[in-house]
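Colleague: Questions regarding the structure given below will be posed in turn.
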Amino acid sequence: MSRWGEQMGAPARPTNIIWDVTYACPLRCVHCYSESGRRPTRQLSLNEQLRVADSIIELQPEMVALAGGEPLVVKGIFEVAERLSQAGIHVVCYSGGWPVKPDLVEKLMHCCDTVTISLDGATAEVHDQIRGRTGSFARAMAALRMLDDAVRAGGPPGFRFGIDTVVVRSNFDDLEQMCTSITTLFPALKSLDLGAVIPAGLASRSGFAEHELLSESQMEQMGSAAWAHHLQSIAPQSVTVTCTDNLDLQMNPVHGFDDFTALQIEPDGEVRAMPVYEGTVGSLLTESGETLWHRAIERWSHPFITETLSPVRTVEEWAAATRLIDYRFGSEAVRARIDQRPQFFGVPG
């Protein structure tokens, strides 16, 4: 590890790994961090996926999240999940719910510890506008119903499912209804995770910052223990409600990185230096995870990172910093994609 890493107390290995296994997706979310469905999938063959899984196992993380895009459209995803699970790693699968069918639920329950369905509103009107496809709310709710039915029919011991909500201005007023109404529909539901939208990918656009990033007062509320306690108090006792402003993902050098242990992997095995920002440090198909983790840590103290993030105090400033970092460390293809992003004028409706 570098002298900087030792001085800053950076961890020896990542404990949480997010692997976006594909950029293919049936949805077109207005905030999509990875711009999935709008770019090449960069999906690996099954053999290559298993090689990446083995490299992940060597890092001995506590948890691996299989995300995307939509991971359930990837052929071989269950073999990958099983490989990770058999190594003693807690495997979480994130899905928008669109492709979920009863046979997939059965497979998921036997290779994953947790399945999390994305639900960005308490009504179809709100959710579908944010997710960019009519019917996506109905599909997500159907997926939750299938999971609930399967668990109550006698799922594997320890298996659990939950809901993840990206909180933007358009659905901020839905949060209490998510706790009081949506959660009560699924008796076996274990968690509702509410996280403030991160200014990454499409959510870093200046127009999105203007219309959908949370206001400073909303961000304060998302980070408030009192607000989190209130939301928990109105939800069923069997459901754990978490609420976060996600500011830890900013990776502001002012606060240090002693507790930062997350690593993000792109679909083709490339490892990001910093999860929220563009810019990779190498591939798990050609180098060890330990080497790439240490290389990522070096990036955290890069002068450009320090100069760009240290002054950030507001979410609008964070979005502007993201655009600068992405353009500085992104590849030529990344910069071309950024240049072609459509302007954002607000969620339709």
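Chains: A, B, ... in order of the structure tokens. Residues: from 1 per chain. Ligands: from 1, in order shown.
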What's around region 110-119 of chain A at 8 Å? Count only C-alpha atoms, leave out sequence neighbours fewer than 5 positions away in its own chain, and write the answer as number ranges by chain.
Modeller: A: 78, 81-82, 85, 90-97, 127, 137, 140, 143-144, 156, 158-166
Colleague: Could you please write out, as a list in words, every residue of region 33-113 of chain A that DSSP assigns to strand (DSSP E)?
Modeller: Met63, Val64, Ala65, Leu66, Ala67, His90, Val91, Val92, Cys93, Tyr94 and Ser95 of chain A
Colleague: Among region 95-318 of chain A, which ones does DSSP assign to helix (DSSP H, G or I) (computed from the backbone)? Answer as number ranges by chain.
Modeller: A: 102-111, 124-131, 136-152, 169-185, 201-204, 206-211, 216-222, 225-234, 247-250, 253-255, 289-300, 303-309, 315-318
Colleague: With C-alpha atoms retained, write the just-selected residues as a tab-separated table (two decimals), in the first residue's frame.
Modeller:
chain	number	residue	atom	x	y	z
A	102	PRO	CA	-41.68	-17.41	-10.82
A	103	ASP	CA	-38.92	-19.66	-12.18
A	104	LEU	CA	-36.37	-16.87	-11.76
A	105	VAL	CA	-37.51	-16.31	-8.17
A	106	GLU	CA	-36.84	-19.95	-7.34
A	107	LYS	CA	-33.34	-19.73	-8.83
A	108	LEU	CA	-32.59	-16.45	-7.06
A	109	MET	CA	-33.60	-17.88	-3.70
A	110	HIS	CA	-31.04	-20.66	-4.02
A	111	CYS	CA	-28.02	-18.61	-5.12
A	124	ALA	CA	-47.40	4.01	-10.99
A	125	GLU	CA	-47.62	7.65	-12.02
A	126	VAL	CA	-44.52	8.63	-10.03
A	127	HIS	CA	-42.48	5.46	-10.47
A	128	ASP	CA	-43.06	5.07	-14.23
A	129	GLN	CA	-42.10	8.69	-14.93
A	130	ILE	CA	-38.82	8.27	-13.08
A	131	ARG	CA	-38.12	4.81	-14.52
A	136	SER	CA	-42.51	-0.63	-14.79
A	137	PHE	CA	-44.37	-0.02	-11.49
A	138	ALA	CA	-46.70	-2.94	-12.18
A	139	ARG	CA	-43.73	-5.19	-13.03
A	140	ALA	CA	-41.84	-4.18	-9.87
A	141	MET	CA	-44.90	-4.79	-7.69
A	142	ALA	CA	-45.47	-8.16	-9.36
A	143	ALA	CA	-41.84	-9.11	-8.66
A	144	LEU	CA	-42.28	-8.18	-5.01
A	145	ARG	CA	-45.48	-10.24	-4.84
A	146	MET	CA	-43.72	-13.27	-6.33
A	147	LEU	CA	-40.89	-12.96	-3.83
A	148	ASP	CA	-43.31	-12.51	-0.96
A	149	ASP	CA	-45.35	-15.55	-1.97
A	150	ALA	CA	-42.22	-17.68	-2.37
A	151	VAL	CA	-40.79	-16.71	1.02
A	152	ARG	CA	-44.06	-17.30	2.83
A	169	ARG	CA	-37.54	15.64	-5.77
A	170	SER	CA	-40.32	13.97	-7.77
A	171	ASN	CA	-40.81	11.18	-5.23
A	172	PHE	CA	-39.70	12.85	-2.00
A	173	ASP	CA	-43.30	13.35	-0.91
A	174	ASP	CA	-43.97	9.62	-1.45
A	175	LEU	CA	-41.60	8.43	1.28
A	176	GLU	CA	-44.15	8.26	4.07
A	177	GLN	CA	-46.61	6.45	1.80
A	178	MET	CA	-43.87	3.98	0.90
A	179	CYS	CA	-43.58	3.19	4.61
A	180	THR	CA	-47.27	3.07	5.45
A	181	SER	CA	-48.80	1.58	2.30
A	182	ILE	CA	-46.31	-0.22	0.07
A	183	THR	CA	-44.55	-2.14	2.84
A	184	THR	CA	-47.82	-3.47	4.25
A	185	LEU	CA	-48.62	-5.23	0.96
A	201	GLY	CA	-24.03	9.45	-14.68
A	202	LEU	CA	-27.23	11.00	-16.02
A	203	ALA	CA	-27.97	12.41	-12.56
A	204	SER	CA	-24.86	14.63	-12.82
A	206	SER	CA	-26.74	20.34	-14.93
A	207	GLY	CA	-30.44	20.14	-15.84
A	208	PHE	CA	-30.96	17.18	-13.53
A	209	ALA	CA	-29.20	19.03	-10.73
A	210	GLU	CA	-31.60	21.91	-11.23
A	211	HIS	CA	-34.80	19.87	-11.33
A	216	GLU	CA	-30.30	21.27	0.83
A	217	SER	CA	-33.19	21.03	3.29
A	218	GLN	CA	-34.23	17.67	1.81
A	219	MET	CA	-30.65	16.43	2.03
A	220	GLU	CA	-30.53	17.46	5.69
A	221	GLN	CA	-33.76	15.59	6.26
A	222	MET	CA	-32.39	12.45	4.57
A	225	ALA	CA	-31.74	10.55	12.66
A	226	ALA	CA	-35.10	12.02	13.70
A	227	TRP	CA	-36.50	11.65	10.16
A	228	ALA	CA	-35.18	8.10	9.90
A	229	HIS	CA	-36.78	7.28	13.26
A	230	HIS	CA	-40.10	8.76	12.10
A	231	LEU	CA	-40.12	6.69	8.90
A	232	GLN	CA	-39.26	3.56	10.85
A	233	SER	CA	-42.05	4.26	13.35
A	234	ILE	CA	-44.76	4.35	10.67
A	247	LEU	CA	-22.74	11.81	1.18
A	248	ASP	CA	-20.13	9.16	2.00
A	249	LEU	CA	-20.03	8.31	-1.71
A	250	GLN	CA	-18.82	11.82	-2.47
A	253	PRO	CA	-10.82	14.27	0.88
A	254	VAL	CA	-11.70	16.72	3.65
A	255	HIS	CA	-13.36	13.87	5.55
A	289	GLY	CA	-7.90	-7.45	-7.26
A	290	GLU	CA	-5.36	-6.48	-4.62
A	291	THR	CA	-3.26	-4.64	-7.19
A	292	LEU	CA	-6.27	-2.76	-8.54
A	293	TRP	CA	-7.55	-1.91	-5.05
A	294	HIS	CA	-4.22	-0.33	-4.13
A	295	ARG	CA	-4.16	1.49	-7.46
A	296	ALA	CA	-7.64	2.81	-6.76
A	297	ILE	CA	-6.52	4.10	-3.38
A	298	GLU	CA	-3.78	6.06	-5.11
A	299	ARG	CA	-6.41	7.81	-7.22
A	300	TRP	CA	-8.24	9.02	-4.13
A	303	PRO	CA	-4.20	16.36	-6.88
A	304	PHE	CA	-7.08	16.87	-9.32
A	305	ILE	CA	-9.43	14.89	-7.06
A	306	THR	CA	-8.33	16.82	-3.99
A	307	GLU	CA	-8.65	20.20	-5.70
A	308	THR	CA	-12.03	19.38	-7.22
A	309	LEU	CA	-13.80	17.73	-4.29
A	315	VAL	CA	-25.25	18.81	-4.07
A	316	GLU	CA	-25.10	21.24	-7.00
A	317	GLU	CA	-21.37	21.68	-6.39
A	318	TRP	CA	-21.04	17.90	-6.11
Colleague: Out of A:Leu44, A:Leu192, A:Val168, A:Val74, which residue has the shortest atom-to-atom distance to Val241 (chain A) when counting only C-alpha atoms?
Modeller: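 Of A:Leu44, A:Leu192, A:Val168, A:Val74, the one nearest Val241 (chain A), counting only C-alpha atoms, is A:Leu192.
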Colleague: Restrict the calculation to only C-alpha atoms, then for each residue of region 31-149 of chain A with any atom at most 12 Å from an atom of region 322-334 of chain A give the closest atom pair and their distance in Å to one decimal, rows by chain and rising residue number, as a tab-separated table.
Modeller:
residue	atom	partner	partner_atom	distance
A:Tyr33	CA	A:Thr322	CA	11.5
A:Ser34	CA	A:Val334	CA	11.0
A:Glu35	CA	A:Val334	CA	11.0
A:Arg39	CA	A:Val334	CA	10.4
A:Pro40	CA	A:Ala333	CA	11.0
Colleague: Rounded to one decimal, what separation in Å do you get between CA of Pro99 (chain A) and CA of Val80 (chain A)?
Modeller: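 Those two atoms sit 18.0 Å apart.
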Colleague: Nearest residue to Gly76 (chain A) out of A:Ala320, A:Val312, A:Val21, A:Cys29, using only C-alpha atoms?
Modeller: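 The shortest atom-to-atom distance to Gly76 (chain A) comes from A:Val21.
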Colleague: Within 12 Å of Asp54 (chain A), counting only C-alpha atoms, which residues qualify if same-chain residues fewer than 4 places away don't, as a PyMOL selection string?
Modeller: chain A and resi 47-50+58-61+80-87+89+269+284-285+288-289
Colleague: Write out as a PDB file with C-alpha atoms, in the first residue's frame which residues come within 9 Å of region 9-19 of chain A when counting only C-alpha atoms, dropping same-chain ones fewer than 6 positions away.
Modeller:
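Saved the output as part_37.pdb:
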ATOM      1  CA  MET A   1       0.000   0.000   0.000  1.00  0.00           C
ATOM      2  CA  ILE A  56     -13.499 -11.115  -6.373  1.00  0.00           C
ATOM      3  CA  LEU A  59     -10.340 -10.267  -2.203  1.00  0.00           C
ATOM      4  CA  GLN A  60     -12.536 -11.904   0.469  1.00  0.00           C
ATOM      5  CA  PRO A  61     -15.242  -9.235   0.592  1.00  0.00           C
ATOM      6  CA  GLU A  62     -18.158  -9.586   2.959  1.00  0.00           C
ATOM      7  CA  MET A  63     -20.770  -8.652   0.362  1.00  0.00           C
ATOM      8  CA  VAL A  64     -21.087  -8.538  -3.428  1.00  0.00           C
ATOM      9  CA  ALA A  65     -23.978  -6.686  -5.069  1.00  0.00           C
ATOM     10  CA  LEU A  66     -24.876  -7.842  -8.574  1.00  0.00           C
ATOM     11  CA  ALA A  67     -26.361  -4.835 -10.299  1.00  0.00           C
ATOM     12  CA  GLY A  68     -26.441  -3.147 -13.709  1.00  0.00           C
ATOM     13  CA  GLY A 256     -10.739  11.181   4.846  1.00  0.00           C
ATOM     14  CA  PHE A 257     -11.317   7.605   3.776  1.00  0.00           C
ATOM     15  CA  ASP A 258     -10.778   5.527   6.899  1.00  0.00           C
ATOM     16  CA  ASP A 259     -14.176   3.850   6.611  1.00  0.00           C
ATOM     17  CA  PHE A 260     -14.492   3.671   2.826  1.00  0.00           C
ATOM     18  CA  THR A 261     -14.413   0.031   1.746  1.00  0.00           C
ATOM     19  CA  ALA A 262     -16.479  -0.076  -1.456  1.00  0.00           C
ATOM     20  CA  LEU A 263     -15.197  -1.177  -4.849  1.00  0.00           C
ATOM     21  CA  GLN A 264     -17.134  -0.974  -8.103  1.00  0.00           C
ATOM     22  CA  ILE A 265     -16.584  -3.235 -11.114  1.00  0.00           C
ATOM     23  CA  GLU A 266     -17.845  -2.459 -14.606  1.00  0.00           C
ATOM     24  CA  PRO A 267     -19.463  -5.176 -16.770  1.00  0.00           C
ATOM     25  CA  GLY A 269     -14.228  -6.533 -15.447  1.00  0.00           C
ATOM     26  CA  PRO A 275     -17.473   4.190  -7.415  1.00  0.00           C
ATOM     27  CA  GLY A 289      -7.901  -7.452  -7.255  1.00  0.00           C
ATOM     28  CA  GLU A 290      -5.359  -6.485  -4.620  1.00  0.00           C
ATOM     29  CA  TRP A 293      -7.554  -1.908  -5.048  1.00  0.00           C
ATOM     30  CA  HIS A 294      -4.221  -0.335  -4.134  1.00  0.00           C
ATOM     31  CA  ILE A 297      -6.524   4.100  -3.375  1.00  0.00           C
TER      32      ILE A 297
END
Colleague: From the set A:Arg341, A:Arg28, A:Arg38, A:Arg51, which residue has the shortest atom-to-atom contact distance to Trp98 (chain A), counting only C-alpha atoms?
Modeller: A:Arg28
Colleague: Report, in Å with one decimal, the straight-line distance from CA of Ser310 (chain A) to CA of Glu212 (chain A).
Modeller: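 One can read the CA of Ser310 (chain A) to CA of Glu212 (chain A) distance as 23.6 Å.
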